[in-house]
>>> print(open('my_file_34.txt').read())   # compact mmCIF, C-alpha atoms
# COMPACT_ATOMS: atom_id res chain seq x y z
CA MET A 1 0.00 0.00 0.00
CA LYS A 2 1.29 3.43 -0.98
CA ILE A 3 0.39 6.49 1.11
CA GLY A 4 1.25 10.06 0.09
CA LEU A 5 2.28 12.30 2.99
CA ILE A 6 2.03 16.07 2.79
CA SER A 7 1.83 18.99 5.19
CA ASP A 8 2.02 22.76 5.37
CA THR A 9 0.84 23.55 1.85
CA HIS A 10 -0.20 27.07 2.95
CA ILE A 11 -2.09 27.71 -0.26
CA THR A 12 -4.52 30.62 -0.34
CA GLU A 13 -6.40 32.44 -3.08
CA LYS A 14 -3.55 34.95 -3.22
CA ARG A 15 -0.60 32.63 -2.67
CA GLY A 16 0.39 29.78 -4.89
CA LYS A 17 -1.11 26.51 -5.95
CA LEU A 18 -0.27 22.89 -5.43
CA SER A 19 2.62 21.85 -7.64
CA GLU A 20 1.79 19.49 -10.50
CA LYS A 21 4.89 17.54 -9.43
CA VAL A 22 3.22 16.77 -6.10
CA LEU A 23 0.11 15.57 -7.89
CA ASP A 24 2.25 13.37 -10.19
CA TYR A 25 4.02 11.73 -7.22
CA PHE A 26 0.67 11.02 -5.55
CA LYS A 27 -1.18 9.71 -8.62
CA ASP A 28 -0.45 6.05 -7.76
CA ALA A 29 -1.14 6.43 -4.04
CA ASP A 30 -3.90 4.46 -2.35
CA LEU A 31 -4.38 7.21 0.23
CA ILE A 32 -3.07 10.72 0.98
CA LEU A 33 -2.58 12.03 4.52
CA HIS A 34 -2.30 15.82 4.96
CA ALA A 35 -0.92 16.96 8.34
CA GLY A 36 -2.51 20.41 8.35
CA ASP A 37 -1.89 24.04 7.44
CA ILE A 38 -3.77 23.45 4.22
CA SER A 39 -5.27 26.97 4.13
CA SER A 40 -7.72 26.27 1.28
CA GLN A 41 -10.43 23.68 0.69
CA LYS A 42 -9.32 23.69 -2.97
CA VAL A 43 -6.14 21.84 -1.95
CA LEU A 44 -8.14 19.02 -0.39
CA ASP A 45 -10.51 18.96 -3.36
CA LYS A 46 -7.55 18.60 -5.73
CA LEU A 47 -5.96 15.83 -3.65
CA ASN A 48 -9.28 14.00 -3.33
CA GLN A 49 -9.56 13.99 -7.14
CA ILE A 50 -6.42 11.84 -7.18
CA THR A 51 -7.22 9.47 -4.32
CA PRO A 52 -9.00 9.54 -0.94
CA THR A 53 -7.42 12.12 1.34
CA ILE A 54 -7.55 12.45 5.12
CA ALA A 55 -6.48 15.78 6.61
CA VAL A 56 -6.24 17.40 10.03
CA GLU A 57 -6.47 21.01 11.11
CA GLY A 58 -3.28 23.05 11.39
CA ASN A 59 -2.86 26.31 13.28
CA ASN A 60 -3.37 28.29 10.03
CA ASP A 61 -6.60 26.41 9.23
CA ARG A 62 -8.54 27.42 12.34
CA THR A 63 -9.98 30.60 10.80
CA ARG A 64 -10.84 28.88 7.50
CA LYS A 65 -14.16 27.26 6.73
CA MET A 66 -12.92 23.66 6.58
CA ASP A 67 -14.41 20.84 8.60
CA LEU A 68 -11.21 19.36 10.02
CA LYS A 69 -10.42 17.66 13.31
CA PRO A 70 -7.21 18.29 15.27
CA SER A 71 -6.26 14.63 14.90
CA GLU A 72 -7.26 11.47 13.05
CA ILE A 73 -6.48 7.83 13.73
CA ILE A 74 -6.16 5.63 10.65
CA GLU A 75 -5.91 1.87 11.01
CA ILE A 76 -4.31 0.00 8.13
CA ASP A 77 -3.56 -3.68 8.41
CA ASP A 78 -2.30 -4.05 11.99
CA LEU A 79 -0.85 -0.52 12.09
CA LYS A 80 -2.36 2.43 13.92
CA ILE A 81 -1.40 5.79 12.40
CA LEU A 82 -1.99 9.02 14.32
CA LEU A 83 -2.20 12.12 12.11
CA ILE A 84 -1.74 15.54 13.78
CA HIS A 85 -0.40 18.93 12.81
CA GLY A 86 2.00 19.25 15.73
CA ASP A 87 1.63 22.89 16.71
CA LYS A 88 0.44 21.88 20.19
CA LEU A 89 3.49 19.71 20.86
CA PRO A 90 6.84 21.24 21.82
CA GLY A 91 8.98 22.16 18.80
CA ARG A 92 11.29 19.37 17.81
CA ASN A 93 11.14 17.45 21.10
CA PHE A 94 10.64 14.07 19.48
CA LYS A 95 10.43 12.24 22.81
CA LYS A 96 7.26 14.25 23.53
CA TYR A 97 5.92 13.27 20.10
CA CYS A 98 6.65 9.63 20.94
CA ASP A 99 4.90 9.96 24.32
CA PHE A 100 1.86 11.49 22.60
CA ALA A 101 1.72 8.66 20.07
CA GLN A 102 2.04 6.03 22.80
CA LYS A 103 -0.79 7.69 24.74
CA HIS A 104 -2.98 6.95 21.69
CA ASN A 105 -1.48 3.46 21.15
CA ALA A 106 -0.19 4.59 17.75
CA ASP A 107 2.58 2.82 15.88
CA ILE A 108 3.19 5.80 13.57
CA LEU A 109 2.77 9.51 14.23
CA ILE A 110 2.61 11.76 11.18
CA SER A 111 2.92 15.48 11.86
CA GLY A 112 3.76 18.75 10.17
CA HIS A 113 4.20 22.31 11.46
CA THR A 114 8.01 22.51 11.40
CA HIS A 115 8.20 22.39 7.56
CA LYS A 116 11.24 20.12 7.92
CA PRO A 117 11.26 16.52 6.71
CA HIS A 118 12.01 14.08 9.47
CA CYS A 119 11.80 10.35 10.14
CA GLU A 120 12.89 8.73 13.37
CA LYS A 121 11.97 5.63 15.33
CA ILE A 122 11.76 6.10 19.10
CA GLU A 123 10.63 3.32 21.44
CA ASN A 124 8.96 1.41 18.61
CA VAL A 125 7.03 4.47 17.37
CA LEU A 126 7.81 5.81 13.91
CA LEU A 127 7.70 9.63 13.79
CA ILE A 128 7.34 11.17 10.33
CA ASN A 129 7.12 14.75 9.12
CA PRO A 130 6.93 15.07 5.30
CA GLY A 131 8.03 18.72 5.34
CA SER A 132 6.35 21.38 3.21
CA PRO A 133 6.05 21.34 -0.59
CA ASN A 134 5.45 25.10 -0.84
CA SER A 135 6.73 27.21 2.00
CA PRO A 136 9.59 25.45 3.73
CA ILE A 137 11.34 27.27 6.54
CA LYS A 138 15.10 26.68 6.33
CA SER A 139 14.53 23.45 4.41
CA ASP A 140 14.02 22.12 0.90
CA ALA A 141 10.43 21.72 -0.31
CA SER A 142 9.36 18.10 0.19
CA ILE A 143 6.67 15.46 0.48
CA ALA A 144 6.96 11.80 1.45
CA ILE A 145 5.70 8.41 0.35
CA LEU A 146 5.01 5.79 3.01
CA THR A 147 4.83 2.24 1.70
CA ILE A 148 3.40 -0.66 3.67
CA ASP A 149 4.49 -4.09 2.48
CA LYS A 150 1.44 -6.31 2.92
CA GLU A 151 2.95 -9.27 1.09
CA LYS A 152 5.35 -10.59 3.74
CA GLU A 153 5.18 -11.36 7.44
CA TYR A 154 7.49 -9.39 9.72
CA LYS A 155 8.51 -9.95 13.33
CA ASN A 156 8.20 -6.21 14.02
CA LYS A 157 5.26 -4.59 12.25
CA LEU A 158 7.23 -1.36 11.67
CA ASP A 159 9.69 -3.35 9.55
CA LYS A 160 7.09 -3.50 6.78
CA ILE A 161 7.20 0.30 6.49
CA SER A 162 9.43 2.18 4.11
CA ILE A 163 9.59 5.94 3.78
CA GLU A 164 10.82 7.96 0.81
CA PHE A 165 11.28 11.72 1.02
CA ILE A 166 10.89 13.54 -2.27
CA LYS A 167 12.44 16.94 -2.87
CA ILE A 168 10.06 19.19 -4.81
CA GLU A 169 11.94 21.45 -7.18
CA LYS A 170 10.33 24.81 -7.84
>>> encode(input="my_file_34.txt", output="structure tokens")
Amino acid sequence: MKIGLISDTHITEKRGKLSEKVLDYFKDADLILHAGDISSQKVLDKLNQITPTIAVEGNNDRTRKMDLKPSEIIEIDDLKILLIHGDKLPGRNFKKYCDFAQKHNADILISGHTHKPHCEKIENVLLINPGSPNSPIKSDASIAILTIDKEKEYKNKLDKISIEFIKIEK
């Protein structure tokens, strides 16, 4: 199973649009997860035209007219994925992110907010931030692809996960 990961698109009527390159990378995805700061319903509409998309509310989405929750739990196979924006967790304190995921019995926590791509396994929780494809702060523009291998059996269920970060050239 292939899952497109995206966050912090920050697209408004006056500022930018979603890159066609992003749409091309996601065209074969089974699902897209957006970790907030979408800023426009048009972004979700565009992503949903490609494949089903689940999104959460970021700090820049709170004044917009989008019906988004602060978090979503997605269960795929035997994996529990927690999708959040991350603005309510402390900066880049990944131990706190791990604690938050464990509180929700999540195997994977996908977040945004920092605009910086990141992948780290702490205490058997996989923490992923796909970065931002549009407005990165001190980072290259990026998205990520999470692949779940459903064909083989693994001793540790996180071993069936692979992550690929994709740099989005302007």
>>> residues_near_point(input="my_file_34.txt", point="(10.0, 25.7, 2.9)", cutoff="12 Å", atoms="all atoms listed in the file", output="number ranges by chain")
A: 7-10, 112-117, 130-143, 167-170
>>> closest_atom_pairs(input="my_file_34.txt", of="range 77-165 of chain A", to="range 51-62 of chain A", cutoff="8 Å", atoms="all atoms listed in the file", output="Markdown table")
| residue | atom | partner | partner_atom | distance |
| --- | --- | --- | --- | --- |
| A:Leu83 | CA | A:Val56 | CA | 7.0 |
| A:Ile84 | CA | A:Val56 | CA | 6.1 |
| A:His85 | CA | A:Gly58 | CA | 5.2 |
| A:Gly86 | CA | A:Gly58 | CA | 7.8 |
| A:Asp87 | CA | A:Asn59 | CA | 6.6 |
| A:His113 | CA | A:Gly58 | CA | 7.5 |
>>> closest_residue(input="my_file_34.txt", among="A:Val125, A:Ile145, A:Met66, A:Ile81", to="Asp30 in chain A", atoms="all atoms listed in the file")
A:Ile145
>>> closest_residue(input="my_file_34.txt", among="A:Glu164, A:Asp149, A:Asp77, A:Glu20", to="Ile50 in chain A", atoms="all atoms listed in the file")
A:Glu20
>>> atom_distance(input="my_file_34.txt", atom1="CA of Ser111 in chain A", atom2="CA of Lys42 in chain A")
20.9 Å
>>> closest_residue(input="my_file_34.txt", among="A:Lys46, A:Lys121, A:Ser40, A:Leu82", to="Lys14 in chain A", atoms="all atoms listed in the file")
A:Ser40
>>> residues_around(input="my_file_34.txt", residues="Ile122 in chain A", least_positions_apart="6", cutoff="12 Å", atoms="all atoms listed in the file", output="tab-separated table (two decimals) with C-alpha atoms, in the coordinates of the input")
chain	number	residue	atom	x	y	z
A	93	ASN	CA	11.14	17.45	21.10
A	94	PHE	CA	10.64	14.07	19.48
A	95	LYS	CA	10.43	12.24	22.81
A	96	LYS	CA	7.26	14.25	23.53
A	97	TYR	CA	5.92	13.27	20.10
A	98	CYS	CA	6.65	9.63	20.94
A	99	ASP	CA	4.90	9.96	24.32
A	100	PHE	CA	1.86	11.49	22.60
A	101	ALA	CA	1.72	8.66	20.07
A	102	GLN	CA	2.04	6.03	22.80
A	107	ASP	CA	2.58	2.82	15.88
A	108	ILE	CA	3.19	5.80	13.57
A	109	LEU	CA	2.77	9.51	14.23
A	128	ILE	CA	7.34	11.17	10.33
A	158	LEU	CA	7.23	-1.36	11.67
>>> atom_distance(input="my_file_34.txt", atom1="CA of Ile74 in chain A", atom2="CA of Lys21 in chain A")
25.8 Å
>>> atom_distance(input="my_file_34.txt", atom1="CA of Lys80 in chain A", atom2="CA of Phe26 in chain A")
21.5 Å
>>> closest_residue(input="my_file_34.txt", among="A:Ala29, A:Ile6, A:Ala144, A:Ile73", to="Leu44 in chain A", atoms="only C-alpha atoms")
A:Ile6
>>> axis_aligned_box(input="my_file_34.txt", around="range 30-43 of chain A", padding_each_side="6 Å", output="lines of an AutoDock Vina configuration file")
center_x = -5.7
center_y = 15.7
center_z = 2.7
size_x = 21.5
size_y = 34.5
size_z = 23.3
>>> residues_around(input="my_file_34.txt", residues="Lys160 in chain A", least_positions_apart="2", cutoff="9 Å", atoms="all atoms listed in the file", output="compact mmCIF listing (two decimals) with C-alpha atoms, in the coordinates of the input")
# COMPACT_ATOMS: atom_id res chain seq x y z
CA THR A 147 4.83 2.24 1.70
CA ILE A 148 3.40 -0.66 3.67
CA ASP A 149 4.49 -4.09 2.48
CA LYS A 150 1.44 -6.31 2.92
CA LYS A 152 5.35 -10.59 3.74
CA GLU A 153 5.18 -11.36 7.44
CA TYR A 154 7.49 -9.39 9.72
CA ASN A 156 8.20 -6.21 14.02
CA LYS A 157 5.26 -4.59 12.25
CA LEU A 158 7.23 -1.36 11.67
CA SER A 162 9.43 2.18 4.11
>>> decode(input="my_file_34.txt", residues="range 15-88 of chain A", atoms="C-alpha atoms", output="tab-separated table (two decimals), in the first residue's frame")
chain	number	residue	atom	x	y	z
A	15	ARG	CA	-0.60	32.63	-2.67
A	16	GLY	CA	0.39	29.78	-4.89
A	17	LYS	CA	-1.11	26.51	-5.95
A	18	LEU	CA	-0.27	22.89	-5.43
A	19	SER	CA	2.62	21.85	-7.64
A	20	GLU	CA	1.79	19.49	-10.50
A	21	LYS	CA	4.89	17.54	-9.43
A	22	VAL	CA	3.22	16.77	-6.10
A	23	LEU	CA	0.11	15.57	-7.89
A	24	ASP	CA	2.25	13.37	-10.19
A	25	TYR	CA	4.02	11.73	-7.22
A	26	PHE	CA	0.67	11.02	-5.55
A	27	LYS	CA	-1.18	9.71	-8.62
A	28	ASP	CA	-0.45	6.05	-7.76
A	29	ALA	CA	-1.14	6.43	-4.04
A	30	ASP	CA	-3.90	4.46	-2.35
A	31	LEU	CA	-4.38	7.21	0.23
A	32	ILE	CA	-3.07	10.72	0.98
A	33	LEU	CA	-2.58	12.03	4.52
A	34	HIS	CA	-2.30	15.82	4.96
A	35	ALA	CA	-0.92	16.96	8.34
A	36	GLY	CA	-2.51	20.41	8.35
A	37	ASP	CA	-1.89	24.04	7.44
A	38	ILE	CA	-3.77	23.45	4.22
A	39	SER	CA	-5.27	26.97	4.13
A	40	SER	CA	-7.72	26.27	1.28
A	41	GLN	CA	-10.43	23.68	0.69
A	42	LYS	CA	-9.32	23.69	-2.97
A	43	VAL	CA	-6.14	21.84	-1.95
A	44	LEU	CA	-8.14	19.02	-0.39
A	45	ASP	CA	-10.51	18.96	-3.36
A	46	LYS	CA	-7.55	18.60	-5.73
A	47	LEU	CA	-5.96	15.83	-3.65
A	48	ASN	CA	-9.28	14.00	-3.33
A	49	GLN	CA	-9.56	13.99	-7.14
A	50	ILE	CA	-6.42	11.84	-7.18
A	51	THR	CA	-7.22	9.47	-4.32
A	52	PRO	CA	-9.00	9.54	-0.94
A	53	THR	CA	-7.42	12.12	1.34
A	54	ILE	CA	-7.55	12.45	5.12
A	55	ALA	CA	-6.48	15.78	6.61
A	56	VAL	CA	-6.24	17.40	10.03
A	57	GLU	CA	-6.47	21.01	11.11
A	58	GLY	CA	-3.28	23.05	11.39
A	59	ASN	CA	-2.86	26.31	13.28
A	60	ASN	CA	-3.37	28.29	10.03
A	61	ASP	CA	-6.60	26.41	9.23
A	62	ARG	CA	-8.54	27.42	12.34
A	63	THR	CA	-9.98	30.60	10.80
A	64	ARG	CA	-10.84	28.88	7.50
A	65	LYS	CA	-14.16	27.26	6.73
A	66	MET	CA	-12.92	23.66	6.58
A	67	ASP	CA	-14.41	20.84	8.60
A	68	LEU	CA	-11.21	19.36	10.02
A	69	LYS	CA	-10.42	17.66	13.31
A	70	PRO	CA	-7.21	18.29	15.27
A	71	SER	CA	-6.26	14.63	14.90
A	72	GLU	CA	-7.26	11.47	13.05
A	73	ILE	CA	-6.48	7.83	13.73
A	74	ILE	CA	-6.16	5.63	10.65
A	75	GLU	CA	-5.91	1.87	11.01
A	76	ILE	CA	-4.31	0.00	8.13
A	77	ASP	CA	-3.56	-3.68	8.41
A	78	ASP	CA	-2.30	-4.05	11.99
A	79	LEU	CA	-0.85	-0.52	12.09
A	80	LYS	CA	-2.36	2.43	13.92
A	81	ILE	CA	-1.40	5.79	12.40
A	82	LEU	CA	-1.99	9.02	14.32
A	83	LEU	CA	-2.20	12.12	12.11
A	84	ILE	CA	-1.74	15.54	13.78
A	85	HIS	CA	-0.40	18.93	12.81
A	86	GLY	CA	2.00	19.25	15.73
A	87	ASP	CA	1.63	22.89	16.71
A	88	LYS	CA	0.44	21.88	20.19
